[in-house]
Amino acid sequence: MRLRRFNEAGCRAFEAYLLRLKSGAQEEPSRALLEDPECTQVVCAGTEVGEESFATRLEAARSLDVLLRSAFDKSPERDQGLWAWLSLRYFDCVCPPSPKSGVRRPGELARHIPSIEWTKRFRHLLLGAWLVYQAHRDDPKRAMVLLCNPVHRPGEIVEQLVNKVDVLRNAHAVAVATAIYFDRETDTFRRGAAGSGPGSARRYASVLGQFDVTWDLMSMEPRRIVELLPDEFSRFARYAEGVL
Amino acid sequence: MPKRINWTGRRRLRREDVRIILEAGSEPAGFRVELNLDRYGLPPNASVMVEAERGVHRVRFPHGTVEAPRPAEGRPCRLGEFDTVDGVTFCVKVVDVAGRPGVILAEVDGLRPFHPGEEAGSVTPLLPVVVKPLEEEAWRLDFSGQEVLLEVSDRAGGKALSGLPVFRSLVFPGIVREVLTRILEIEKCFDVEEDDWRGQWLRFAVQLTKEDVPQPRSGTRELDPDAAGDWIAGVVRRFSMEHRLVSRLPAQFLPGGGR
């Protein structure tokens, strides 16, 4: 299938589908809508979108990056119709049916149709992962704490860290977050990293926000950032030893 | 508005002392930095860092020291990481390398670069205009960066659209209302001294009406909604009068089509 974007009518049709799902309808995504000439336009005639599915946000972001680089000279970050179309194209990844009930629960619309509000743009499941990847494309593994989860379940840690764009843009700060909160053996977050308790990712974002006005964190080695963290982080900071 | 505690004595660089000037005709876009740091008493060996940022991207350009500010060798001032310079803003930091390594001694952020030829005596525009593909929207405001941008559709005439008298008459009052509502009710900023777009817009409004910005209830960051609404309405009214927006509405848009 060729890469397309929704026009206004397409976005409205997709939104209507999502609202029907939210109100309890059990309806499969419309494949016809993806190629409806009244609702879509071809982005780039030579760019084909595959049938792949993605196990993690990293896989999705990497694959989308290859796709979009072949289709765009400029960043399509604000192309709302494109990202909405991609959501429907990969609907089984962004809104899979529950294994038990078979019901699809889409959650808030911003997860599927990007909000024009900057602060909500990261909530889009594909765009959010791709933006993180863009910020760390020189070494995406550094951002595993933000990219390790399944596409449809980014997790609270992602919500906490990407909302602080200064943290997200700082390679060293993200490297520290990955070192202390991401367990490489289990490929998931460490216990206690989510939530709002002492040393949690939420606290990390908050503390770094305070540091950022005083310290030049971008020129600070990751190990130095770990040293600056208050005692409440000690249970996580020990994981940084030998990693950073 | 709550103030940040500045326990390190960090200085605020004045905007007139830091100028980022885009270079003509370079691809990717290049820039040069003009700094005047004499008045701040900063250590001569402190590092100067220039950062360009937009969205998730922040690119750093080490820029020598206070006594010898210049681009680092092998790191030319080029903005190749950004697809366009529209909406890119700059931050300049002076960082201690001796007494308290890593501490920011002085900084300024949200600097909009000047275009070639624009620098002499020019002022920072309140509402830069950027052309974008916006589907069926003719225009919208973008609050995601260090300044408010007026985005106009590339299909609706681009920048020329925002210069049309009819656009100014019909749209600008709504823009003033939206921006001020955003500042007071979402950003919860009430301080004309803020050194960013919010302060710039509040100063513009106060200058226009000669009325102070409404302040939040004691001990809170919440405004009396009536006070905010009345103040904003007053600004919009004054703005419309000042620019005679109805009088300047082209005749064909008036009832009767100007016949």
# chains A, B, ... in the order shown; residues from 1 in each chain; ligands from 1

call {"tool": "residues_around", "arguments": {"residues": "Leu21 in chain A", "least_positions_apart": "6", "cutoff": "10 Å", "atoms": "only C-alpha atoms", "output": "PyMOL selection string"}}
result
chain A and resi 15+27-29+103-107

call {"tool": "interface_residues", "arguments": {"of": "chain A", "to": "chain B", "cutoff": "9 Å", "atoms": "only C-alpha atoms", "output": "MDAnalysis selection string"}}
result
chainID A and resid 7:8 73:75 78:81 116:119 131:132 134:135 165:166 168:170 213:220

call {"tool": "residues_around", "arguments": {"residues": "Pro37 in chain A", "least_positions_apart": "4", "cutoff": "10 Å", "atoms": "only C-alpha atoms", "output": "compact mmCIF listing (two decimals) with all heavy atoms, in the first residue's frame"}}
result
# COMPACT_ATOMS: atom_id res chain seq x y z
N ARG A 4 0.08 7.29 2.41
CA ARG A 4 -0.92 8.34 2.21
C ARG A 4 -1.05 9.18 3.46
O ARG A 4 -0.51 8.84 4.51
CB ARG A 4 -2.29 7.73 1.87
CG ARG A 4 -2.33 7.09 0.50
CD ARG A 4 -3.64 6.33 0.31
NE ARG A 4 -3.75 5.86 -1.06
CZ ARG A 4 -4.41 6.49 -2.03
NH1 ARG A 4 -5.04 7.61 -1.78
NH2 ARG A 4 -4.45 6.00 -3.24
N PHE A 6 -4.32 11.39 5.61
CA PHE A 6 -5.73 11.75 5.63
C PHE A 6 -5.88 13.24 5.33
O PHE A 6 -5.08 14.06 5.78
CB PHE A 6 -6.35 11.49 7.01
CG PHE A 6 -6.70 10.05 7.27
CD1 PHE A 6 -6.42 9.48 8.50
CD2 PHE A 6 -7.35 9.29 6.31
CE1 PHE A 6 -6.76 8.16 8.76
CE2 PHE A 6 -7.69 7.97 6.55
CZ PHE A 6 -7.39 7.41 7.78
N ASN A 7 -6.92 13.57 4.61
CA ASN A 7 -7.32 14.97 4.54
C ASN A 7 -8.31 15.21 5.69
O ASN A 7 -8.51 14.35 6.55
CB ASN A 7 -7.91 15.30 3.17
CG ASN A 7 -9.12 14.42 2.84
OD1 ASN A 7 -9.74 13.85 3.74
ND2 ASN A 7 -9.43 14.31 1.56
N GLY A 10 -10.87 12.57 5.99
CA GLY A 10 -10.29 11.32 6.48
C GLY A 10 -10.08 11.36 7.99
O GLY A 10 -10.38 10.39 8.70
N ALA A 32 -10.63 0.06 3.83
CA ALA A 32 -11.03 0.85 2.65
C ALA A 32 -10.74 2.33 2.88
O ALA A 32 -10.34 3.05 1.95
CB ALA A 32 -12.51 0.64 2.37
N LEU A 33 -10.91 2.78 4.12
CA LEU A 33 -10.68 4.19 4.41
C LEU A 33 -9.23 4.59 4.11
O LEU A 33 -8.95 5.72 3.72
CB LEU A 33 -11.01 4.47 5.89
CG LEU A 33 -10.83 5.90 6.40
CD1 LEU A 33 -11.68 6.88 5.61
CD2 LEU A 33 -11.17 6.00 7.89
N GLN A 41 -4.82 11.34 0.49
CA GLN A 41 -4.02 11.67 -0.69
C GLN A 41 -2.68 10.95 -0.58
O GLN A 41 -2.18 10.73 0.53
CB GLN A 41 -3.82 13.18 -0.82
CG GLN A 41 -3.05 13.79 0.32
CD GLN A 41 -2.95 15.30 0.19
OE1 GLN A 41 -3.72 16.03 0.79
NE2 GLN A 41 -1.99 15.76 -0.57
N VAL A 42 -2.14 10.59 -1.72
CA VAL A 42 -0.85 9.91 -1.73
C VAL A 42 0.23 10.90 -1.35
O VAL A 42 0.28 12.02 -1.86
CB VAL A 42 -0.56 9.30 -3.12
CG1 VAL A 42 0.85 8.74 -3.17
CG2 VAL A 42 -1.58 8.23 -3.44

call {"tool": "select_by_dssp", "arguments": {"residues": "range 4-200 of chain A", "states": "helix (DSSP H, G or I)", "output": "MDAnalysis selection string"}}
result
chainID A and resid 8:22 31:34 57:71 80:89 91:94 109:111 118:121 125:135 140:147 156:162 165:168 171:181

call {"tool": "write_last_selection", "arguments": {"atoms": "C-alpha atoms", "output": "compact mmCIF listing (two decimals), in the first residue's frame"}}
result
# COMPACT_ATOMS: atom_id res chain seq x y z
CA GLU A 8 -9.85 16.71 6.76
CA ALA A 9 -12.60 14.27 5.80
CA GLY A 10 -10.29 11.32 6.48
CA CYS A 11 -9.34 12.61 9.91
CA ARG A 12 -13.00 13.12 10.74
CA ALA A 13 -13.90 9.61 9.56
CA PHE A 14 -11.08 8.09 11.60
CA GLU A 15 -12.07 10.15 14.63
CA ALA A 16 -15.66 8.96 14.26
CA TYR A 17 -14.43 5.36 14.22
CA LEU A 18 -12.39 5.93 17.36
CA LEU A 19 -15.36 7.49 19.10
CA ARG A 20 -17.50 4.52 18.18
CA LEU A 21 -14.90 2.20 19.69
CA LYS A 22 -14.74 4.34 22.80
CA ARG A 31 -9.02 -0.87 5.38
CA ALA A 32 -11.03 0.85 2.65
CA LEU A 33 -10.68 4.19 4.41
CA LEU A 34 -6.90 3.93 4.06
CA ARG A 57 8.32 1.53 20.38
CA LEU A 58 11.93 1.33 19.24
CA GLU A 59 11.06 -1.06 16.42
CA ALA A 60 8.17 1.14 15.36
CA ALA A 61 10.21 4.34 15.49
CA ARG A 62 13.11 2.84 13.57
CA SER A 63 10.89 1.43 10.87
CA LEU A 64 8.91 4.66 10.52
CA ASP A 65 12.13 6.62 10.33
CA VAL A 66 13.28 4.60 7.33
CA LEU A 67 9.87 4.97 5.72
CA LEU A 68 9.56 8.72 6.29
CA ARG A 69 13.11 9.55 5.29
CA SER A 70 12.41 7.99 1.94
CA ALA A 71 9.26 10.06 1.50
CA GLN A 80 -1.46 15.54 11.40
CA GLY A 81 -3.13 13.72 8.52
CA LEU A 82 -0.06 11.57 7.92
CA TRP A 83 0.22 10.43 11.53
CA ALA A 84 -3.48 9.76 11.81
CA TRP A 85 -3.31 7.66 8.63
CA LEU A 86 -0.31 5.74 9.98
CA SER A 87 -2.26 5.02 13.15
CA LEU A 88 -5.04 3.42 11.19
CA ARG A 89 -2.52 1.60 9.00
CA PHE A 91 -4.05 -0.12 14.14
CA ASP A 92 -3.32 -3.62 15.36
CA CYS A 93 -0.15 -2.25 16.95
CA VAL A 94 -1.55 0.95 18.40
CA LEU A 109 -8.00 10.58 20.67
CA ALA A 110 -4.57 12.21 20.92
CA ARG A 111 -3.05 8.70 20.99
CA TRP A 118 2.75 20.72 21.62
CA THR A 119 2.36 19.24 25.10
CA LYS A 120 0.01 16.54 23.82
CA ARG A 121 1.84 15.70 20.63
CA LEU A 125 1.63 6.50 19.95
CA LEU A 126 3.62 6.50 16.72
CA LEU A 127 4.62 10.16 16.51
CA GLY A 128 5.66 10.16 20.18
CA ALA A 129 7.98 7.19 19.69
CA TRP A 130 9.36 8.66 16.47
CA LEU A 131 10.06 12.04 18.12
CA VAL A 132 12.03 10.34 20.88
CA TYR A 133 13.93 8.40 18.22
CA GLN A 134 14.63 11.63 16.34
CA ALA A 135 16.06 13.24 19.43
CA PRO A 140 18.68 5.14 20.17
CA LYS A 141 19.71 2.54 22.76
CA ARG A 142 20.48 5.46 25.03
CA ALA A 143 16.75 6.18 25.10
CA MET A 144 15.61 2.59 25.78
CA VAL A 145 13.81 3.76 28.89
CA LEU A 146 11.51 5.65 26.52
CA LEU A 147 11.37 3.11 23.72
CA GLU A 156 3.95 6.15 32.84
CA ILE A 157 7.70 6.69 32.73
CA VAL A 158 7.47 7.88 29.15
CA GLU A 159 4.69 10.25 30.12
CA GLN A 160 6.80 11.68 32.94
CA LEU A 161 10.02 12.14 31.00
CA VAL A 162 8.83 13.33 27.60
CA VAL A 165 11.22 18.45 26.87
CA ASP A 166 14.50 19.76 28.29
CA VAL A 167 15.14 16.33 29.75
CA LEU A 168 14.18 14.61 26.54
CA ALA A 171 21.31 13.03 25.67
CA HIS A 172 23.15 12.65 28.97
CA ALA A 173 20.02 13.02 31.08
CA VAL A 174 18.24 10.39 29.01
CA ALA A 175 21.28 8.09 29.18
CA VAL A 176 21.18 8.33 32.97
CA ALA A 177 17.44 7.57 33.03
CA THR A 178 18.01 4.48 30.92
CA ALA A 179 20.95 3.37 33.07
CA ILE A 180 19.06 3.62 36.34
CA TYR A 181 15.49 2.68 35.40

call {"tool": "residues_around", "arguments": {"residues": "Gly229 in chain B", "least_positions_apart": "3", "cutoff": "12 Å", "atoms": "only C-alpha atoms", "output": "VMD selection string"}}
result
chain B and resid 177 to 178 180 to 182 184 to 185 213 to 214 223 to 226 232 to 236

call {"tool": "closest_residue", "arguments": {"among": "B:Arg15, B:Arg221, B:Arg54, B:Lys159", "to": "Glu187 in chain B", "atoms": "only C-alpha atoms"}}
result
B:Arg221

call {"tool": "atom_distance", "arguments": {"atom1": "CA of Val92 in chain B", "atom2": "CA of Val50 in chain B"}}
result
4.6 Å

call {"tool": "atom_distance", "arguments": {"atom1": "CA of Glu35 in chain A", "atom2": "CA of Val131 in chain B"}}
result
28.2 Å

call {"tool": "atom_distance", "arguments": {"atom1": "CA of Trp231 in chain B", "atom2": "CA of Glu147 in chain B"}}
result
22.1 Å

call {"tool": "residues_around", "arguments": {"residues": "Val130 in chain B", "least_positions_apart": "5", "cutoff": "9 Å", "atoms": "only C-alpha atoms", "output": "JSON, numbers by chain"}}
result
{"B": [86, 87, 149, 150, 151, 152, 153, 158, 159]}

call {"tool": "write_last_selection", "arguments": {"atoms": "N, CA, C and O atoms", "output": "PDB file, in the first residue's frame"}}
result
ATOM      1  N   ASP B  86      12.859  28.502  10.239  1.00  0.00           N
ATOM      2  CA  ASP B  86      11.628  29.050  10.800  1.00  0.00           C
ATOM      3  C   ASP B  86      11.368  28.451  12.177  1.00  0.00           C
ATOM      4  O   ASP B  86      11.326  27.239  12.335  1.00  0.00           O
ATOM      5  N   GLY B  87      11.185  29.297  13.145  1.00  0.00           N
ATOM      6  CA  GLY B  87      10.829  28.813  14.476  1.00  0.00           C
ATOM      7  C   GLY B  87      12.003  28.357  15.325  1.00  0.00           C
ATOM      8  O   GLY B  87      11.820  28.006  16.487  1.00  0.00           O
ATOM      9  N   LEU B 149       4.140  31.711  17.237  1.00  0.00           N
ATOM     10  CA  LEU B 149       4.255  31.843  15.793  1.00  0.00           C
ATOM     11  C   LEU B 149       2.863  31.895  15.176  1.00  0.00           C
ATOM     12  O   LEU B 149       1.975  31.162  15.611  1.00  0.00           O
ATOM     13  N   LEU B 150       2.709  32.749  14.198  1.00  0.00           N
ATOM     14  CA  LEU B 150       1.491  32.721  13.393  1.00  0.00           C
ATOM     15  C   LEU B 150       1.791  31.835  12.192  1.00  0.00           C
ATOM     16  O   LEU B 150       2.604  32.195  11.334  1.00  0.00           O
ATOM     17  N   GLU B 151       1.178  30.656  12.167  1.00  0.00           N
ATOM     18  CA  GLU B 151       1.373  29.754  11.039  1.00  0.00           C
ATOM     19  C   GLU B 151       0.268  30.028  10.020  1.00  0.00           C
ATOM     20  O   GLU B 151      -0.917  30.011  10.381  1.00  0.00           O
ATOM     21  N   VAL B 152       0.671  30.281   8.781  1.00  0.00           N
ATOM     22  CA  VAL B 152      -0.338  30.500   7.739  1.00  0.00           C
ATOM     23  C   VAL B 152      -0.166  29.426   6.673  1.00  0.00           C
ATOM     24  O   VAL B 152       0.945  28.969   6.391  1.00  0.00           O
ATOM     25  N   SER B 153      -1.267  29.051   6.111  1.00  0.00           N
ATOM     26  CA  SER B 153      -1.267  27.954   5.147  1.00  0.00           C
ATOM     27  C   SER B 153      -0.538  28.335   3.865  1.00  0.00           C
ATOM     28  O   SER B 153      -0.734  29.430   3.323  1.00  0.00           O
ATOM     29  N   GLY B 158       0.291  32.050   1.830  1.00  0.00           N
ATOM     30  CA  GLY B 158       1.507  32.167   2.637  1.00  0.00           C
ATOM     31  C   GLY B 158       1.550  33.465   3.411  1.00  0.00           C
ATOM     32  O   GLY B 158       0.537  33.962   3.888  1.00  0.00           O
ATOM     33  N   LYS B 159       2.761  34.034   3.487  1.00  0.00           N
ATOM     34  CA  LYS B 159       2.936  35.231   4.316  1.00  0.00           C
ATOM     35  C   LYS B 159       2.103  36.410   3.832  1.00  0.00           C
ATOM     36  O   LYS B 159       1.729  37.280   4.613  1.00  0.00           O
TER      37      LYS B 159
END

call {"tool": "select_by_dssp", "arguments": {"residues": "range 1-216 of chain A", "states": "strand (DSSP E)", "output": "count of residues only"}}
result
10

call {"tool": "closest_residue", "arguments": {"among": "A:Val243, A:Cys39, A:Ala55, A:Ala25", "to": "Cys148 in chain A", "atoms": "only C-alpha atoms"}}
result
A:Ala55

call {"tool": "residues_around", "arguments": {"residues": "Arg14 in chain B", "least_positions_apart": "5", "cutoff": "12 Å", "atoms": "only C-alpha atoms", "output": "PyMOL selection string"}}
result
chain B and resi 19+35-40+91-93+106-111+195-196

call {"tool": "write_last_selection", "arguments": {"atoms": "C-alpha atoms", "output": "PDB file, in the first residue's frame"}}
result
ATOM      1  CA  ARG B  19      22.572  38.854  18.707  1.00  0.00           C
ATOM      2  CA  LEU B  35      28.271  39.071  22.039  1.00  0.00           C
ATOM      3  CA  ASN B  36      28.924  41.937  24.370  1.00  0.00           C
ATOM      4  CA  LEU B  37      29.671  40.439  27.778  1.00  0.00           C
ATOM      5  CA  ASP B  38      31.775  43.283  29.204  1.00  0.00           C
ATOM      6  CA  ARG B  39      29.217  44.561  31.685  1.00  0.00           C
ATOM      7  CA  TYR B  40      28.649  41.262  33.491  1.00  0.00           C
ATOM      8  CA  CYS B  91      19.973  30.156  23.956  1.00  0.00           C
ATOM      9  CA  VAL B  92      23.357  31.403  25.119  1.00  0.00           C
ATOM     10  CA  LYS B  93      24.925  30.160  28.354  1.00  0.00           C
ATOM     11  CA  ALA B 106      24.751  33.735  32.952  1.00  0.00           C
ATOM     12  CA  GLU B 107      22.217  32.937  30.266  1.00  0.00           C
ATOM     13  CA  VAL B 108      19.528  34.163  27.961  1.00  0.00           C
ATOM     14  CA  ASP B 109      17.085  32.016  26.025  1.00  0.00           C
ATOM     15  CA  GLY B 110      14.305  32.337  23.481  1.00  0.00           C
ATOM     16  CA  LEU B 111      16.417  34.474  21.153  1.00  0.00           C
ATOM     17  CA  ASP B 195      12.156  37.907  29.600  1.00  0.00           C
ATOM     18  CA  ASP B 196      10.318  35.831  27.024  1.00  0.00           C
TER      19      ASP B 196
END
